[in-house]
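The structure under discussion appears below in the form of structure tokens.
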Amino acid sequence: MRDPISPFSINCHSSIRWGGAVTVWFDPFRVEKTTGDGDVIFITHDHYDHFSPEDIRRVMKPDAVLVLPESCRAAALAAGFSASQLLPVRAGEHYTVKGIPFTAVPAYNIGKPFHPRSNGWVGYVSELDGLRVYVSGDTDDTPEARAVSCDAAVLPVGGTYTMTAAEAAALANALHPQIAVPTHYGSIVGTMTDGDDFAAQLAPGIRCVKLI
């Protein structure tokens with residue numbers, strides 16, 4: 001029986017690939033080789049380490065759909081993407097793209113200025129080959145995040161701009177997914193030990209899968 005998390009890989013930071021029936025990328029960044037395999041590219045917000053036009057072009061197929069917050073639409077057009085390639089979304093709304101149902105979940109900071117709620121930035125809960133996957137984007141432990149139902153939670157743990165390892169573990173324990181994957185540490189922000197700290201604080205029954 002295939003491990004349900006096996007299609008996932010992370011080349012660094014929060015640059016996530018799902019190689020399932022449909023190939024999906026989340027926030028591709030520092031992708032070394034052109035893959036041209038992405039059917040759907042999900043962008044959580046337009047900070048440089050999450051919205052990288054050159055990396056998006058390395059991974060996207062000619063007919064790929066670029067999913068991104070409505071507030072990032074202008075930046076995508078300015079970067080040379082055509083309106084026909086874009087699926088702008090709003091937090092709290094439900095969509096389907098290339099057969100993948102997904103919900104855009106608000107992603108924002110509480111008590112920090114880096115990701116204001118007013119920007120309309122998001123994470124995503126996507127149905128990927130029968131697995132409900134929550135890729136939270138750059139967020140803190142918010143009421144909207146705690147309301148998510150998922151089988152796998154992919155959460156930032158590096159602190160400073162998002163949650164610390166302890167805060168992310170507290171959110172994971174509240175969600176109680178089968179699988180928790182730490183991101184957003186070990187390169188731009190945080191240290192490689194953050195993934196270990198996150199894993200050590202997870203409740204019994206939650207399997208930590210470290211891909212960085």
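Residue numbering restarts at 1 for every chain of the structure tokens, chains are lettered A, B, ... in their displayed order, and ligands are numbered from 1 as they appear.
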| said: Using only C-alpha atoms, which protein or nucleic acid residues come within 6 Å of stretch 27-30 of chain A? Drop anything in the same chain fewer than 4 positions from it, and give the result as number ranges by chain. | reply: A: 15, 43, 50, 55
Any chance you can output those residues with C-alpha atoms as a PDB file, in the first residue's frame?
```pdb
ATOM      1  CA  SER A  15       8.351  25.156  -2.269  1.00  0.00           C
ATOM      2  CA  ILE A  43       0.468  30.731  -4.813  1.00  0.00           C
ATOM      3  CA  HIS A  50       6.396  32.489  -2.392  1.00  0.00           C
ATOM      4  CA  ASP A  55      10.327  29.529 -10.762  1.00  0.00           C
TER       5      ASP A  55
END
```
Write out as JSON lines a residue-level contact list of stretch 160-197 of chain A versus stretch 105-111 of chain A with cut-off 10 Å: for each qualifying residue the closest pair of atoms and the distance in Å to one decimal, counting only C-alpha atoms, rows sorted by chain and residue number upward.
```
{"residue": "A:Tyr161", "atom": "CA", "partner": "A:Asn109", "partner_atom": "CA", "distance": 7.9}
{"residue": "A:Thr162", "atom": "CA", "partner": "A:Asn109", "partner_atom": "CA", "distance": 6.9}
{"residue": "A:Met163", "atom": "CA", "partner": "A:Asn109", "partner_atom": "CA", "distance": 8.7}
```
| said: With only C-alpha atoms as the counted atoms, please give the residues lying no more than 12 Å from A:Val122, apart from itself and same-chain residues fewer than 3 positions off, as a ChimeraX atom specification. | reply: /A:26-27,42-46,50,67-72,88-93,102-109,115-119,125,134-140,144-145
Give the strand (DSSP E) residues of stretch 4-170 of chain A, as assigned by DSSP on the backbone, as a PDB file with N, CA and C atoms, in the first residue's frame.
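Contents of the output file selection-v4.pdb:
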```
ATOM      1  N   PHE A   8       4.497  13.798  -2.115  1.00  0.00           N
ATOM      2  CA  PHE A   8       4.978  15.112  -1.701  1.00  0.00           C
ATOM      3  C   PHE A   8       6.495  15.193  -1.736  1.00  0.00           C
ATOM      4  N   SER A   9       7.006  16.346  -2.153  1.00  0.00           N
ATOM      5  CA  SER A   9       8.419  16.670  -1.991  1.00  0.00           C
ATOM      6  C   SER A   9       8.543  18.171  -1.785  1.00  0.00           C
ATOM      7  N   ILE A  10       9.651  18.587  -1.146  1.00  0.00           N
ATOM      8  CA  ILE A  10       9.940  20.004  -0.913  1.00  0.00           C
ATOM      9  C   ILE A  10      11.386  20.245  -1.307  1.00  0.00           C
ATOM     10  N   ASN A  11      11.612  21.123  -2.283  1.00  0.00           N
ATOM     11  CA  ASN A  11      12.999  21.382  -2.649  1.00  0.00           C
ATOM     12  C   ASN A  11      13.669  22.361  -1.689  1.00  0.00           C
ATOM     13  N   CYS A  12      12.892  23.237  -1.074  1.00  0.00           N
ATOM     14  CA  CYS A  12      13.399  24.111  -0.012  1.00  0.00           C
ATOM     15  C   CYS A  12      12.235  24.935   0.540  1.00  0.00           C
ATOM     16  N   SER A  15       8.501  25.519  -0.861  1.00  0.00           N
ATOM     17  CA  SER A  15       8.351  25.156  -2.269  1.00  0.00           C
ATOM     18  C   SER A  15       7.994  23.684  -2.352  1.00  0.00           C
ATOM     19  N   ILE A  16       6.705  23.406  -2.552  1.00  0.00           N
ATOM     20  CA  ILE A  16       6.133  22.081  -2.348  1.00  0.00           C
ATOM     21  C   ILE A  16       5.616  21.530  -3.678  1.00  0.00           C
ATOM     22  N   ARG A  17       5.882  20.251  -3.927  1.00  0.00           N
ATOM     23  CA  ARG A  17       5.382  19.582  -5.130  1.00  0.00           C
ATOM     24  C   ARG A  17       4.579  18.349  -4.732  1.00  0.00           C
ATOM     25  N   TRP A  18       3.441  18.186  -5.398  1.00  0.00           N
ATOM     26  CA  TRP A  18       2.625  16.977  -5.262  1.00  0.00           C
ATOM     27  C   TRP A  18       2.594  16.295  -6.622  1.00  0.00           C
ATOM     28  N   GLY A  19       3.207  15.132  -6.712  1.00  0.00           N
ATOM     29  CA  GLY A  19       3.279  14.425  -7.982  1.00  0.00           C
ATOM     30  C   GLY A  19       2.268  13.313  -8.071  1.00  0.00           C
ATOM     31  N   THR A  23      -0.217  16.947 -11.322  1.00  0.00           N
ATOM     32  CA  THR A  23       0.971  17.479 -10.641  1.00  0.00           C
ATOM     33  C   THR A  23       0.705  18.911 -10.200  1.00  0.00           C
ATOM     34  N   VAL A  24       0.901  19.132  -8.907  1.00  0.00           N
ATOM     35  CA  VAL A  24       0.572  20.408  -8.286  1.00  0.00           C
ATOM     36  C   VAL A  24       1.818  20.952  -7.594  1.00  0.00           C
ATOM     37  N   TRP A  25       2.047  22.238  -7.737  1.00  0.00           N
ATOM     38  CA  TRP A  25       3.094  22.945  -7.003  1.00  0.00           C
ATOM     39  C   TRP A  25       2.464  24.011  -6.114  1.00  0.00           C
ATOM     40  N   PHE A  26       3.054  24.195  -4.946  1.00  0.00           N
ATOM     41  CA  PHE A  26       2.697  25.300  -4.071  1.00  0.00           C
ATOM     42  C   PHE A  26       3.933  26.188  -3.898  1.00  0.00           C
ATOM     43  N   GLY A  38       3.998  21.028 -14.028  1.00  0.00           N
ATOM     44  CA  GLY A  38       2.927  21.496 -13.162  1.00  0.00           C
ATOM     45  C   GLY A  38       1.615  21.744 -13.892  1.00  0.00           C
ATOM     46  N   ASP A  39       0.572  21.024 -13.482  1.00  0.00           N
ATOM     47  CA  ASP A  39      -0.767  21.268 -14.023  1.00  0.00           C
ATOM     48  C   ASP A  39      -1.435  22.443 -13.324  1.00  0.00           C
ATOM     49  N   VAL A  40      -1.215  22.544 -12.014  1.00  0.00           N
ATOM     50  CA  VAL A  40      -1.778  23.629 -11.204  1.00  0.00           C
ATOM     51  C   VAL A  40      -0.671  24.173 -10.307  1.00  0.00           C
ATOM     52  N   ILE A  41      -0.544  25.487 -10.277  1.00  0.00           N
ATOM     53  CA  ILE A  41       0.417  26.149  -9.407  1.00  0.00           C
ATOM     54  C   ILE A  41      -0.369  27.000  -8.415  1.00  0.00           C
ATOM     55  N   PHE A  42      -0.285  26.669  -7.140  1.00  0.00           N
ATOM     56  CA  PHE A  42      -0.949  27.438  -6.094  1.00  0.00           C
ATOM     57  C   PHE A  42       0.043  28.426  -5.490  1.00  0.00           C
ATOM     58  N   MET A  60       5.696  25.158 -14.721  1.00  0.00           N
ATOM     59  CA  MET A  60       4.334  25.080 -15.244  1.00  0.00           C
ATOM     60  C   MET A  60       4.278  24.551 -16.674  1.00  0.00           C
ATOM     61  N   LYS A  61       3.278  23.724 -16.938  1.00  0.00           N
ATOM     62  CA  LYS A  61       2.959  23.306 -18.294  1.00  0.00           C
ATOM     63  C   LYS A  61       2.370  24.492 -19.062  1.00  0.00           C
ATOM     64  N   PRO A  62       2.368  24.421 -20.408  1.00  0.00           N
ATOM     65  CA  PRO A  62       1.775  25.522 -21.177  1.00  0.00           C
ATOM     66  C   PRO A  62       0.314  25.796 -20.839  1.00  0.00           C
ATOM     67  N   ASP A  63      -0.426  24.747 -20.455  1.00  0.00           N
ATOM     68  CA  ASP A  63      -1.844  24.921 -20.144  1.00  0.00           C
ATOM     69  C   ASP A  63      -2.114  24.926 -18.637  1.00  0.00           C
ATOM     70  N   ALA A  64      -1.074  25.141 -17.838  1.00  0.00           N
ATOM     71  CA  ALA A  64      -1.239  25.147 -16.383  1.00  0.00           C
ATOM     72  C   ALA A  64      -2.100  26.312 -15.932  1.00  0.00           C
ATOM     73  N   VAL A  65      -2.734  26.133 -14.783  1.00  0.00           N
ATOM     74  CA  VAL A  65      -3.520  27.196 -14.154  1.00  0.00           C
ATOM     75  C   VAL A  65      -2.745  27.712 -12.945  1.00  0.00           C
ATOM     76  N   LEU A  66      -2.626  29.015 -12.849  1.00  0.00           N
ATOM     77  CA  LEU A  66      -1.952  29.666 -11.726  1.00  0.00           C
ATOM     78  C   LEU A  66      -3.025  30.194 -10.776  1.00  0.00           C
ATOM     79  N   VAL A  67      -3.142  29.550  -9.625  1.00  0.00           N
ATOM     80  CA  VAL A  67      -4.137  29.925  -8.615  1.00  0.00           C
ATOM     81  C   VAL A  67      -3.462  30.862  -7.623  1.00  0.00           C
ATOM     82  N   LEU A  68      -4.086  31.984  -7.351  1.00  0.00           N
ATOM     83  CA  LEU A  68      -3.464  32.967  -6.457  1.00  0.00           C
ATOM     84  C   LEU A  68      -4.522  33.892  -5.871  1.00  0.00           C
ATOM     85  N   PRO A  69      -4.222  34.545  -4.749  1.00  0.00           N
ATOM     86  CA  PRO A  69      -5.209  35.457  -4.174  1.00  0.00           C
ATOM     87  C   PRO A  69      -5.564  36.583  -5.145  1.00  0.00           C
ATOM     88  N   LEU A  86      -4.745  32.618 -15.159  1.00  0.00           N
ATOM     89  CA  LEU A  86      -4.934  32.895 -13.743  1.00  0.00           C
ATOM     90  C   LEU A  86      -6.305  32.450 -13.241  1.00  0.00           C
ATOM     91  N   LEU A  87      -6.311  31.957 -12.000  1.00  0.00           N
ATOM     92  CA  LEU A  87      -7.558  31.745 -11.262  1.00  0.00           C
ATOM     93  C   LEU A  87      -7.429  32.511  -9.950  1.00  0.00           C
ATOM     94  N   PRO A  88      -7.872  33.775  -9.927  1.00  0.00           N
ATOM     95  CA  PRO A  88      -7.811  34.552  -8.678  1.00  0.00           C
ATOM     96  C   PRO A  88      -8.870  34.050  -7.700  1.00  0.00           C
ATOM     97  N   VAL A  89      -8.499  33.960  -6.419  1.00  0.00           N
ATOM     98  CA  VAL A  89      -9.413  33.412  -5.421  1.00  0.00           C
ATOM     99  C   VAL A  89      -9.512  34.347  -4.222  1.00  0.00           C
ATOM    100  N   HIS A  94     -14.854  28.437  -2.139  1.00  0.00           N
ATOM    101  CA  HIS A  94     -14.569  27.079  -2.613  1.00  0.00           C
ATOM    102  C   HIS A  94     -14.471  27.091  -4.138  1.00  0.00           C
ATOM    103  N   TYR A  95     -13.556  26.292  -4.682  1.00  0.00           N
ATOM    104  CA  TYR A  95     -13.296  26.277  -6.117  1.00  0.00           C
ATOM    105  C   TYR A  95     -12.954  24.852  -6.549  1.00  0.00           C
ATOM    106  N   THR A  96     -12.921  24.653  -7.864  1.00  0.00           N
ATOM    107  CA  THR A  96     -12.390  23.434  -8.452  1.00  0.00           C
ATOM    108  C   THR A  96     -11.519  23.824  -9.636  1.00  0.00           C
ATOM    109  N   VAL A  97     -10.322  23.221  -9.725  1.00  0.00           N
ATOM    110  CA  VAL A  97      -9.422  23.489 -10.843  1.00  0.00           C
ATOM    111  C   VAL A  97      -8.838  22.160 -11.317  1.00  0.00           C
ATOM    112  N   ILE A 100      -9.589  19.285  -9.198  1.00  0.00           N
ATOM    113  CA  ILE A 100      -9.169  19.348  -7.797  1.00  0.00           C
ATOM    114  C   ILE A 100     -10.070  20.331  -7.049  1.00  0.00           C
ATOM    115  N   PRO A 101     -10.915  19.845  -6.144  1.00  0.00           N
ATOM    116  CA  PRO A 101     -11.683  20.772  -5.302  1.00  0.00           C
ATOM    117  C   PRO A 101     -10.741  21.379  -4.251  1.00  0.00           C
ATOM    118  N   PHE A 102     -10.919  22.667  -3.983  1.00  0.00           N
ATOM    119  CA  PHE A 102     -10.102  23.286  -2.946  1.00  0.00           C
ATOM    120  C   PHE A 102     -10.826  24.477  -2.336  1.00  0.00           C
ATOM    121  N   THR A 103     -10.385  24.819  -1.137  1.00  0.00           N
ATOM    122  CA  THR A 103     -10.891  25.975  -0.412  1.00  0.00           C
ATOM    123  C   THR A 103      -9.722  26.897  -0.090  1.00  0.00           C
ATOM    124  N   ALA A 104      -9.917  28.189  -0.270  1.00  0.00           N
ATOM    125  CA  ALA A 104      -8.915  29.177   0.121  1.00  0.00           C
ATOM    126  C   ALA A 104      -9.168  29.580   1.573  1.00  0.00           C
ATOM    127  N   VAL A 105      -8.161  29.422   2.414  1.00  0.00           N
ATOM    128  CA  VAL A 105      -8.273  29.688   3.846  1.00  0.00           C
ATOM    129  C   VAL A 105      -7.480  30.950   4.177  1.00  0.00           C
ATOM    130  N   PRO A 106      -8.041  31.897   4.924  1.00  0.00           N
ATOM    131  CA  PRO A 106      -7.273  33.098   5.267  1.00  0.00           C
ATOM    132  C   PRO A 106      -5.935  32.741   5.919  1.00  0.00           C
ATOM    133  N   VAL A 122      -3.750  33.775   1.424  1.00  0.00           N
ATOM    134  CA  VAL A 122      -4.451  32.534   1.727  1.00  0.00           C
ATOM    135  C   VAL A 122      -3.507  31.337   1.886  1.00  0.00           C
ATOM    136  N   GLY A 123      -4.036  30.287   2.481  1.00  0.00           N
ATOM    137  CA  GLY A 123      -3.548  28.924   2.357  1.00  0.00           C
ATOM    138  C   GLY A 123      -4.617  28.147   1.609  1.00  0.00           C
ATOM    139  N   TYR A 124      -4.384  26.853   1.406  1.00  0.00           N
ATOM    140  CA  TYR A 124      -5.313  26.054   0.618  1.00  0.00           C
ATOM    141  C   TYR A 124      -5.565  24.698   1.269  1.00  0.00           C
ATOM    142  N   VAL A 125      -6.822  24.284   1.284  1.00  0.00           N
ATOM    143  CA  VAL A 125      -7.170  22.899   1.580  1.00  0.00           C
ATOM    144  C   VAL A 125      -7.596  22.275   0.255  1.00  0.00           C
ATOM    145  N   SER A 126      -6.795  21.328  -0.235  1.00  0.00           N
ATOM    146  CA  SER A 126      -7.015  20.730  -1.552  1.00  0.00           C
ATOM    147  C   SER A 126      -7.264  19.241  -1.425  1.00  0.00           C
ATOM    148  N   GLU A 127      -8.129  18.725  -2.269  1.00  0.00           N
ATOM    149  CA  GLU A 127      -8.384  17.283  -2.346  1.00  0.00           C
ATOM    150  C   GLU A 127      -7.423  16.701  -3.380  1.00  0.00           C
ATOM    151  N   LEU A 128      -6.364  16.046  -2.911  1.00  0.00           N
ATOM    152  CA  LEU A 128      -5.331  15.503  -3.784  1.00  0.00           C
ATOM    153  C   LEU A 128      -5.346  13.988  -3.694  1.00  0.00           C
ATOM    154  N   LEU A 131      -6.781  12.673  -0.562  1.00  0.00           N
ATOM    155  CA  LEU A 131      -6.194  13.185   0.678  1.00  0.00           C
ATOM    156  C   LEU A 131      -6.518  14.673   0.800  1.00  0.00           C
ATOM    157  N   ARG A 132      -7.102  15.063   1.945  1.00  0.00           N
ATOM    158  CA  ARG A 132      -7.380  16.482   2.177  1.00  0.00           C
ATOM    159  C   ARG A 132      -6.126  17.120   2.772  1.00  0.00           C
ATOM    160  N   VAL A 133      -5.481  17.951   1.974  1.00  0.00           N
ATOM    161  CA  VAL A 133      -4.184  18.525   2.331  1.00  0.00           C
ATOM    162  C   VAL A 133      -4.335  20.018   2.592  1.00  0.00           C
ATOM    163  N   TYR A 134      -3.913  20.445   3.777  1.00  0.00           N
ATOM    164  CA  TYR A 134      -3.928  21.857   4.149  1.00  0.00           C
ATOM    165  C   TYR A 134      -2.516  22.408   4.056  1.00  0.00           C
ATOM    166  N   VAL A 135      -2.261  23.223   3.046  1.00  0.00           N
ATOM    167  CA  VAL A 135      -1.007  23.971   2.929  1.00  0.00           C
ATOM    168  C   VAL A 135      -1.333  25.387   3.387  1.00  0.00           C
ATOM    169  N   ALA A 152      -3.769  15.885   6.136  1.00  0.00           N
ATOM    170  CA  ALA A 152      -2.366  16.287   6.223  1.00  0.00           C
ATOM    171  C   ALA A 152      -2.304  17.801   6.365  1.00  0.00           C
ATOM    172  N   ALA A 153      -1.488  18.272   7.306  1.00  0.00           N
ATOM    173  CA  ALA A 153      -1.315  19.708   7.532  1.00  0.00           C
ATOM    174  C   ALA A 153       0.130  20.080   7.266  1.00  0.00           C
ATOM    175  N   VAL A 154       0.331  21.041   6.377  1.00  0.00           N
ATOM    176  CA  VAL A 154       1.665  21.510   6.009  1.00  0.00           C
ATOM    177  C   VAL A 154       1.793  22.925   6.559  1.00  0.00           C
ATOM    178  N   LEU A 155       2.633  23.075   7.595  1.00  0.00           N
ATOM    179  CA  LEU A 155       2.612  24.287   8.413  1.00  0.00           C
ATOM    180  C   LEU A 155       4.001  24.918   8.531  1.00  0.00           C
ATOM    181  N   PRO A 156       4.093  26.266   8.525  1.00  0.00           N
ATOM    182  CA  PRO A 156       5.380  26.932   8.720  1.00  0.00           C
ATOM    183  C   PRO A 156       5.785  26.898  10.187  1.00  0.00           C
TER     184      PRO A 156
END
```
| said: Could you check the closest approach to A:Val31 for each of A:Thr142, A:Thr191, A:Ser14, A:Gln201 and tell me which residue wins, using only C-alpha atoms? | reply: A:Ser14
| note | What separates atom CA of A:Asp3 and atom CA of A:Pro204 is a distance of 18.9 Å
| request: Rank A:Ile206, A:Ala74, A:Ile188, A:Val148 by their smallest atom-to-atom distance to A:His176, using only C-alpha atoms, and report the top residue only. | output: A:Ile206
| Given the choices A:Gly99, A:Pro53, A:Ala168, A:Gly158, which gets closest to A:Asp141 if the distance is worked out from only C-alpha atoms? | A:Ala168
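Separating atom CA of A:Lys33 from atom CA of A:Arg58 is a distance of 7.2 Å.
With only C-alpha atoms as the basis for measurement, A:Val157 is the residue among A:Ala170, A:Leu211, A:Leu77, A:Val157 that approaches A:Asp194 most closely.
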